[in-house]
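**Q** Here it is, the structure, as structure tokens.
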Amino acid sequence: MLVLGYAGHQRHGWKEDPERKLASRLRHSRRHPTVFRAITSFGEDVEDLPLNLFPLDGVGHDSAAAILRNGAVVAAAAEERFNRFKHSTGAGGRILAPLHAARYCASAVGLSLEDVEHIAFYCDFTDEALAQRLAAVEPYLSAAIKQRVIDGYRAVYDGTVANPMIAKEITELFTDHRCKATIHFVPHHLAHAASAFYSSGYAESGVLTIDGFGEKSSSIFAMGAADGVTQIEETVLPGSLGVLYMMLTAYLGFKPLDGEYKVMGLASYGNPKTFEKQFEALLEPTADGSCRTTVLLRDDFGDYIEDLLGPARPFGTDVTQREMDIAAALQDQLETAMFQRLSYLKQKYGIERICLSGGVALNVVMTGKVARSGLFKHVYVFPASGDDGTSVGAAQYVHHHVLGHRPTAKAIPTMSLGPSYNARRALKALQASTDKVEYKRVDDIETVVAEALVQGKVVGWFRGRMEFGPRALGNRSILADPRSAEMREVVNQRVKLREEFRPFAPAVLAEKADEYFDMLGVHRANFMEFVVPARLRGCEQAQAVVHYDGSARVQTVERTINESFWKLIDAFGRKTGVPVVLNTSFNVRGEPIVCTPEDAIRCFLSTNIDLLALEGYIVSKKAGRVLAEDMAKPAIDA
């Protein structure tokens with residue numbers, strides 16, 4: 001039995017004239033001095049609502065596909081890795097459906113899309129769901145904007161997200177539109193909940209999902225047990241910690257849906273007390289430990305925030321202490337709100353395990369504190385907690401709840417679920433670039449790369465199946481020696497082309513992790529899902545991967561899960577006495593992580609990466625091809 005999970009969609013209303021839409025979007029953006037002002041303003045078209053008004057066209061980013069065979073996740077991939085548009089947004093803001101990802105998933109089981117029996121979509125937009133959404137937000141809308149919001153919702157619903165439109169889009173993926181599969185529509189937060197519980201390996205657990213919004217809610221609490229996942233409570237709009245965090249990410253001068261990681265890292269440099277009182281005005285605690293954020297629905301939201309906190313930071317300007325303090329207050333409020341909600345759920349339901357999913361669960365500083373708090377005996381975070389991961393959850397929900405297959409309580413062992421490329425394909429890509437690179441085949445590539453790291457070289461590491469989710473876990477990585485703090489600046493400024501305040505992750509042998517990092521409450525972190533304090537040894541011997549506040553987003557590497565990466569770190573440890581490497585994703589700012597050998601070579605040639613390890617080949621640049629440091633300018637990206 002094959003079930004294909006499907007997340008994301010095409011924006012049909014823009015399909016016929018994408019150039020018109022692109023021109024409209026550009027005019028809209030250029031009228032405003034900051035990212036924040038652009039996204040808190042109405043656009044020219046009826047569906048162009050400010051992001052703080054929960055526009056329906058805010059659904060659909062991070063499109064992805066996953067496939068189950070007899071209940072097991074066999075393959076999963078985000079569309080951005082194939083189409084090379086980050087978060088799968090294309091010309092004119094058009095969301096790109098997961099065509100390549102779906103075809104890859106089918107090919108991974110040796111079949112075509114036409115052989116898929118069931119397709120699970122990650123949202124369920126019906127007339128009733130639209131009515132419930134309107135009923136939730138309408139009481140908080142002023143008379144001046146109420147009809148515009150209603151018309152905007154209706155336009156996107158009718159033109160894009162209604163179930164019949166989605167069914168039509170999915171059918172278009174198939175040869176001659178011959179779709180024999182049964183299409184199932186799974187409520188968005190149940191797809192998030194299923195991805196967490198069915199991947200955790202727990203026989204029973206509480207499940208909390210939290211993100212921007214789905215059909216009408218931003219969060220649900222569910223119970224997972226032998227009979228499946230059952231929704232118990234939900235937080236309906238306009239309560240949304242995810243949207244509030246996103247809006248303030250834009251206020252701080254970063255791109256929403258992408259810059260939230262930057263805000264999280266920036267928060268470590270700030271004082272949360274400086275803007276504590278101002279943030280109290282943004283969150284309204286409720287009896288069930290959740291928060292309402294009705295302030296988001298103010299028609300003067302942009303003015304209100306700038307009156308409260310001062311002018312929004314323009315893109316490209318220096319980050320000051322003010323931005324650091326605001327980021328710190330925002331992060332502190334998020335953590336406080338999460339602990340209030342989780343404490344309430346723990347007390348009411350007596351749960352000892354919690355599974356987390358949804359975009360907010362990607363805030364690894366928060367999840368690390370939850371794991372270490374002792375509030376729960378076990379904490380599981382689904383590694384692909386963003387909307388790409390709902391492709392897995394939607395498929396799991398259909399398999400267990402619709403098709404009636406009993407859960408097995410078996411943890412998903414790896415996120416290496418994407419495509420792989422053998423040495424023959426790698427050689428072909430290298431042969432196409434012989435004017436730019438030199439290469440040789442080596443037998444013990446792990447030892448060779450370890451020696452290169454010892455020599456201070458930065459290495460692009462491409463091996464095995466591409467990871468699913470936002471993080472490179474040792475298959476599509478850029479690696480460096482973690483021992484010197486200077487290496488952090490080298491990789492940030494000369495290779496990744498990103499802000500200097502952003503930290504890097506340590507990849508450490510699982511059996512040695514607790515010697516360098518305090519793994520209390522975490523034990524294993526194979527998917528970089530928690531930030532933990534560094535021990536003294538880590539602070540002294542792995543300076544490049546310890547953040548300003550003494551923390552680290554640790555990745556534990558187990559030999560049984562990723563033997564090649566484990567052998568590389570082990571070889572480096574035997575040479576240096578430090579079984580840790582700096583691990584960051586194989587990409588530059590503004591681009592998705594590399595997928596193919598061709599992507600890897602292109603990224604290698606456009607950066608100051610010293611060596612490329614490509615499926616058994618060691619690759620270097622020919623003389624004259626090294627990127628001069630003064631050419632390594634940051635990508636145009638917020």
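Ordering of the structure tokens sets the chain letters (A, B, ...), residue numbers begin anew at 1 in every chain, and ligands are numbered from 1 in the order given.
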Please tabulate, as CSV, the residues of region 575-613 of chain A that come within 10 Å of region 493-504 of chain A, each with its closest pair of atoms and the distance in Å to one decimal, counting only C-alpha atoms and ordering rows by chain, then residue number upward.

**A**
residue,atom,partner,partner_atom,distance
A:Leu582,CA,A:Phe504,CA,6.6
A:Asn583,CA,A:Phe504,CA,6.8
A:Thr584,CA,A:Phe504,CA,6.2
A:Ser585,CA,A:Lys496,CA,8.9
A:Phe586,CA,A:Lys496,CA,8.6
A:Asn587,CA,A:Lys496,CA,7.0
A:Val588,CA,A:Lys496,CA,4.8
A:Arg589,CA,A:Arg498,CA,6.1
A:Gly590,CA,A:Arg498,CA,9.4
A:Cys603,CA,A:Val495,CA,9.7
A:Phe604,CA,A:Val495,CA,9.2
A:Ser606,CA,A:Val495,CA,9.0
A:Thr607,CA,A:Val495,CA,5.4
A:Asn608,CA,A:Val495,CA,5.2
A:Ile609,CA,A:Val495,CA,6.1
A:Asp610,CA,A:Val495,CA,9.4

**Q** Let's see if you can do this: from backbone DSSP, list all strand (DSSP E) residues in region 422-624 of chain A, as number ranges by chain.

**A** A: 437-441, 459-462, 476-480, 505-509, 531-533, 551-553, 555-557, 580-585, 611-614, 617-621

**Q** Which residues come within 9 Å of Leu568 (chain A), counting only C-alpha atoms, excluding same-chain residues fewer than 4 positions away, as a PyMOL selection string?

**A** chain A and resi 445-450+563-564+572-573

**Q** CA of Arg298 (chain A) to CA of Met247 (chain A): how many Å, to one decimal?

**A**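 Atom-to-atom, CA of Arg298 (chain A) to CA of Met247 (chain A), that is 13.1 Å.
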
**Q** Using DSSP on the backbone coordinates, identify all residues within region 212-343 of chain A classified as alpha helix (DSSP H); present the result as a VMD selection string.

**A** chain A and resid 241 to 251 260 to 266 276 to 280 301 to 309 321 to 343

**Q** Could you check how far CA of Ala101 (chain A) sits from CA of Val398 (chain A), in Å to one decimal?

**A**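 Separation between CA of Ala101 (chain A) and CA of Val398 (chain A): 19.3 Å.
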
**Q** Considering only C-alpha atoms, state which residue in the set A:Asn271, A:Thr209, A:Gln555, A:Thr294 is at the smallest distance from Gly393 (chain A).

**A**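 Checking each candidate against Gly393 (chain A), we get A:Thr209 as the closest.
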
**Q** Given the choices A:Glu591, A:Asp388, A:Glu515, A:Glu438, which gets closest to Val619 (chain A) if the distance is worked out from only C-alpha atoms?

**A**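 Selected residue with least distance to Val619 (chain A): A:Glu438.
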
**Q** Compile the contact shell of region 119-129 of chain A as a list in words: residues with an atom at most 8 Å away, counting only C-alpha atoms, same-chain residues fewer than 5 positions apart removed.

**A**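 Everything that qualifies: Val3, Leu4, Gly5, Tyr6, Ala7, Gly8, Tyr157, Val161, Ala162, Asn163, Ala181, Thr182, Ile183, His184, Phe185, Val186, Pro187, His188, Ala191, Gly214, Glu215, Lys216, Thr390, Ser391, Gly393, Ala394, Ala395 and Val398 of chain A.
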